[in-house]
Each structure stands twice: as C-alpha cells, then as structure tokens.
$ cat final.cif   # mmCIF, C-alpha atoms
data_final
#
loop_
_atom_site.group_PDB
_atom_site.id
_atom_site.type_symbol
_atom_site.label_atom_id
_atom_site.label_comp_id
_atom_site.auth_asym_id
_atom_site.auth_seq_id
_atom_site.Cartn_x
_atom_site.Cartn_y
_atom_site.Cartn_z
ATOM 1 C CA MET A 1 -14.248 74.624 57.450
ATOM 2 C CA SER A 2 -16.716 75.030 54.607
ATOM 3 C CA GLN A 3 -15.555 76.473 51.328
ATOM 4 C CA PRO A 4 -16.796 79.992 50.544
ATOM 5 C CA PRO A 5 -18.913 80.310 47.406
ATOM 6 C CA GLN A 6 -17.027 80.777 44.180
ATOM 7 C CA GLU A 7 -16.852 84.429 43.237
ATOM 8 C CA PRO A 8 -16.477 86.066 39.813
ATOM 9 C CA TRP A 9 -12.698 86.211 40.189
ATOM 10 C CA ALA A 10 -12.528 82.416 40.623
ATOM 11 C CA THR A 11 -14.548 81.549 37.533
ATOM 12 C CA GLU A 12 -14.712 83.101 34.089
ATOM 13 C CA GLY A 13 -11.889 85.453 33.297
ATOM 14 C CA ALA A 14 -9.661 84.354 36.171
ATOM 15 C CA ARG A 15 -6.009 84.750 35.313
ATOM 16 C CA THR A 16 -4.472 81.305 35.198
ATOM 17 C CA ASP A 17 -1.116 79.870 34.241
ATOM 18 C CA PRO A 18 -1.101 76.140 33.410
ATOM 19 C CA ALA A 19 2.647 75.841 34.011
ATOM 20 C CA LYS A 20 5.765 77.874 34.514
ATOM 21 C CA GLU A 21 8.768 77.545 32.252
ATOM 22 C CA THR A 22 12.178 77.315 33.896
ATOM 23 C CA GLY A 23 15.343 78.839 32.445
ATOM 24 C CA SER A 24 16.137 75.493 30.803
ATOM 25 C CA GLY A 25 12.747 75.414 29.048
ATOM 26 C CA GLU A 26 11.394 72.749 31.414
ATOM 27 C CA GLN A 27 7.740 73.089 32.434
ATOM 28 C CA VAL A 28 7.053 73.184 36.182
ATOM 29 C CA ALA A 29 3.442 72.779 37.281
ATOM 30 C CA LEU A 30 1.997 75.481 39.484
ATOM 31 C CA ALA A 31 0.715 74.496 42.914
ATOM 32 C CA PHE A 32 -2.424 76.591 42.324
ATOM 33 C CA PRO A 33 -3.890 77.526 38.924
ATOM 34 C CA ASN A 34 -4.754 81.108 39.918
ATOM 35 C CA ALA A 35 -4.489 83.692 42.676
ATOM 36 C CA ASP A 36 -8.030 83.092 43.941
ATOM 37 C CA MET A 37 -7.472 79.392 44.594
ATOM 38 C CA TRP A 38 -4.109 80.111 46.232
ATOM 39 C CA LEU A 39 -5.687 82.755 48.465
ATOM 40 C CA ARG A 40 -8.608 80.536 49.535
ATOM 41 C CA GLU A 41 -6.807 77.227 49.813
ATOM 42 C CA TRP A 42 -3.448 78.309 51.194
ATOM 43 C CA LEU A 43 -3.052 81.881 52.416
ATOM 44 C CA LEU A 44 -6.377 82.307 54.202
ATOM 45 C CA GLN A 45 -5.819 78.927 55.851
ATOM 46 C CA ILE A 46 -2.601 80.091 57.501
ATOM 47 C CA TRP A 47 -3.514 83.754 58.069
ATOM 48 C CA GLN A 48 -6.401 83.842 60.473
ATOM 49 C CA PRO A 49 -6.668 86.959 62.591
ATOM 50 C CA VAL A 50 -7.896 86.474 66.130
ATOM 51 C CA GLN A 51 -11.270 88.122 66.723
ATOM 52 C CA ALA A 52 -11.342 90.012 70.002
ATOM 53 C CA PRO A 53 -14.589 89.368 71.925
ATOM 54 C CA ASP A 54 -15.625 93.029 71.870
ATOM 55 C CA ALA A 55 -14.188 93.954 68.456
ATOM 56 C CA VAL A 56 -16.452 95.123 65.679
ATOM 57 C CA PRO A 57 -16.470 92.720 62.683
ATOM 58 C CA SER A 58 -14.761 95.237 60.384
ATOM 59 C CA ALA A 59 -11.769 95.628 62.718
ATOM 60 C CA PRO A 60 -10.653 92.263 64.097
ATOM 61 C CA LEU A 61 -7.336 91.897 65.853
ATOM 62 C CA SER A 62 -4.490 89.897 64.423
ATOM 63 C CA SER A 63 -2.454 87.590 66.621
ATOM 64 C CA SER A 64 -0.003 90.491 66.986
ATOM 65 C CA GLY A 65 -2.753 92.780 68.267
ATOM 66 C CA ALA A 66 -2.845 95.054 65.218
ATOM 67 C CA ASN A 67 -6.166 96.080 63.694
ATOM 68 C CA VAL A 68 -6.808 94.376 60.380
ATOM 69 C CA HIS A 69 -9.522 94.814 57.789
ATOM 70 C CA TRP A 70 -10.559 92.139 55.280
ATOM 71 C CA CYS A 71 -13.050 92.328 52.463
ATOM 72 C CA PRO A 72 -14.670 89.054 51.385
ATOM 73 C CA LYS A 73 -15.185 90.669 47.966
ATOM 74 C CA TRP A 74 -11.503 91.462 47.575
ATOM 75 C CA TRP A 75 -11.701 91.025 43.788
ATOM 76 C CA ALA A 76 -13.799 94.234 43.628
ATOM 77 C CA HIS A 77 -10.719 96.244 44.669
ATOM 78 C CA PRO A 78 -8.267 96.614 41.740
ATOM 79 C CA GLU A 79 -5.268 97.242 43.986
ATOM 80 C CA ALA A 80 -6.096 94.134 46.012
ATOM 81 C CA VAL A 81 -6.362 92.037 42.850
ATOM 82 C CA ASN A 82 -2.933 93.211 41.737
ATOM 83 C CA ARG A 83 -1.271 92.725 45.124
ATOM 84 C CA ILE A 84 -2.818 89.274 45.679
ATOM 85 C CA GLU A 85 -1.842 88.251 42.155
ATOM 86 C CA LEU A 86 1.767 89.274 42.708
ATOM 87 C CA LEU A 87 1.818 87.581 46.126
ATOM 88 C CA TRP A 88 0.638 84.356 44.480
ATOM 89 C CA ARG A 89 3.114 84.577 41.605
ATOM 90 C CA SER A 90 6.060 85.296 43.916
ATOM 91 C CA TRP A 91 4.951 82.446 46.215
ATOM 92 C CA GLU A 92 4.826 80.062 43.247
ATOM 93 C CA GLU A 93 8.369 81.058 42.295
ATOM 94 C CA LEU A 94 9.921 81.004 45.765
ATOM 95 C CA ARG A 95 8.285 77.789 46.988
ATOM 96 C CA HIS A 96 10.835 75.853 44.904
ATOM 97 C CA ASP A 97 13.698 77.109 47.078
ATOM 98 C CA ALA A 98 13.598 74.586 49.929
ATOM 99 C CA MET A 99 16.217 76.380 51.989
ATOM 100 C CA MET A 100 15.176 80.028 52.052
ATOM 101 C CA GLY A 101 12.244 80.457 49.680
ATOM 102 C CA MET A 102 9.412 80.821 52.172
ATOM 103 C CA SER A 103 11.475 82.947 54.517
ATOM 104 C CA ILE A 104 12.274 85.298 51.653
ATOM 105 C CA TRP A 105 8.651 85.251 50.495
ATOM 106 C CA PHE A 106 7.311 86.190 53.920
ATOM 107 C CA ARG A 107 9.951 88.853 54.541
ATOM 108 C CA ASP A 108 10.060 90.484 51.109
ATOM 109 C CA HIS A 109 6.557 89.919 49.764
ATOM 110 C CA PHE A 110 3.919 89.039 52.368
ATOM 111 C CA ASP A 111 5.235 91.301 55.145
ATOM 112 C CA TYR A 112 5.378 94.192 52.691
ATOM 113 C CA HIS A 113 2.116 93.802 50.753
ATOM 114 C CA TRP A 114 -0.300 92.263 53.268
ATOM 115 C CA PRO A 115 -0.368 95.291 55.630
ATOM 116 C CA LYS A 116 -1.074 97.475 52.595
ATOM 117 C CA LEU A 117 -4.195 95.381 52.055
ATOM 118 C CA VAL A 118 -5.480 94.650 55.559
ATOM 119 C CA GLY A 119 -3.735 97.166 57.818
ATOM 120 C CA SER A 120 -4.930 100.542 59.044
ATOM 121 C CA GLY A 121 -4.951 102.803 56.011
ATOM 122 C CA GLY A 122 -4.824 99.773 53.690
ATOM 123 C CA VAL A 123 -7.035 98.955 50.722
ATOM 124 C CA PHE A 124 -9.805 97.451 52.889
ATOM 125 C CA THR A 125 -9.788 100.033 55.702
ATOM 126 C CA TYR A 126 -13.058 101.654 54.705
ATOM 127 C CA CYS A 127 -14.654 98.685 53.007
ATOM 128 C CA THR A 128 -18.190 98.087 54.232
ATOM 129 C CA GLU A 129 -18.593 94.508 52.961
#

$ encode --input "final.cif" --output "structure tokens"
Amino acid sequence: MSQPPQEPWATEGARTDPAKETGSGEQVALAFPNADMWLREWLLQIWQPVQAPDAVPSAPLSSSGANVHWCPKWWAHPEAVNRIELLWRSWEELRHDAMMGMSIWFRDHFDYHWPKLVGSGGVFTYCTE
C-alpha cells in the first residue's frame, strides 16, 4: 500500500512529543512522534471499512455494516484533530499495559470517539472531500 502524501498536519507545526515521562521521572519513548503518523501508520492500517460494491464513495460500509464517513483532509476539521490527538495520546499511554491496555483503549477511547468522527452524524458526515 503506497503512503499518502504528507499533509500540513504531518509537517510544520505538527504537535510532537519526543518522550513521555513516567511517574518515576524515567523517559519512555513514544511509538509514534505525533498523531498524524500514528493515524497513518497504525490506526488506518487496522481500521479499513469494507466498500460495498454499490455504495457511494462518501458512505462506505464498515465490516459491521454501519455507514461510515472519512475525510482524507481530516486535519481541516478542528474537532477531528482534537479527537485523533487524544486517541493517539491515550493509545501511547495504554499500550504499555500488556494485560488490558489495548482492550481498555478500544472500549473506552476508540469505541467512544471513532463513531463521533466517522459515524452518521459525526464530524465527517457532510464532508465533500
């Protein structure tokens, strides 16, 4: 799969954190330097809605059959920037919990915020990009 072109969010002005400090003052490297790289290199690799043969491009079907809407210029939507940023930051924190971290992340973060971005009535519902 070819990499999409770098967008303004991924270059100058992108919010980055070189490392995270633990409670003991120890520095823990982040898996991804910013939300854009995490979105492109991790989340969009695992979340791939199934396109129904007769669906219009703006309303593909997810594997669960629900209509979803995605905007390739997500960084132009302030609410999307904030939600994707907090999804990345919570993922970075919870990925260190080998037992329950990802389960908690999906249940409490992804399952809550993602439908508010891509679901019917979500941030991208009326996006024409």

$ closest_residue --input "final.cif" --among "A:Phe32, A:Trp42, A:Trp75, A:Tyr112" --to "Phe124 in chain A" --atoms "all atoms listed in the file"
A:Trp75

$ residues_around --input "final.cif" --residues "Pro78 in chain A" --least-positions-apart "4" --cutoff "12 Å" --atoms "only C-alpha atoms" --output "PyMOL selection string"
chain A and resi 9+73-74+82-85+117+123-124

$ resolve_selection --input "final.cif" --expression "the PyMOL selection byres ((chain A and resi 70) around 7)" --output "list in words"
Val68, His69, Cys71, Pro72, Val118 and Phe124 of chain A

$ closest_residue --input "final.cif" --among "A:Asn67, A:Ile46, A:Leu94, A:Leu39" --to "Ser120 in chain A" --atoms "only C-alpha atoms"
A:Asn67
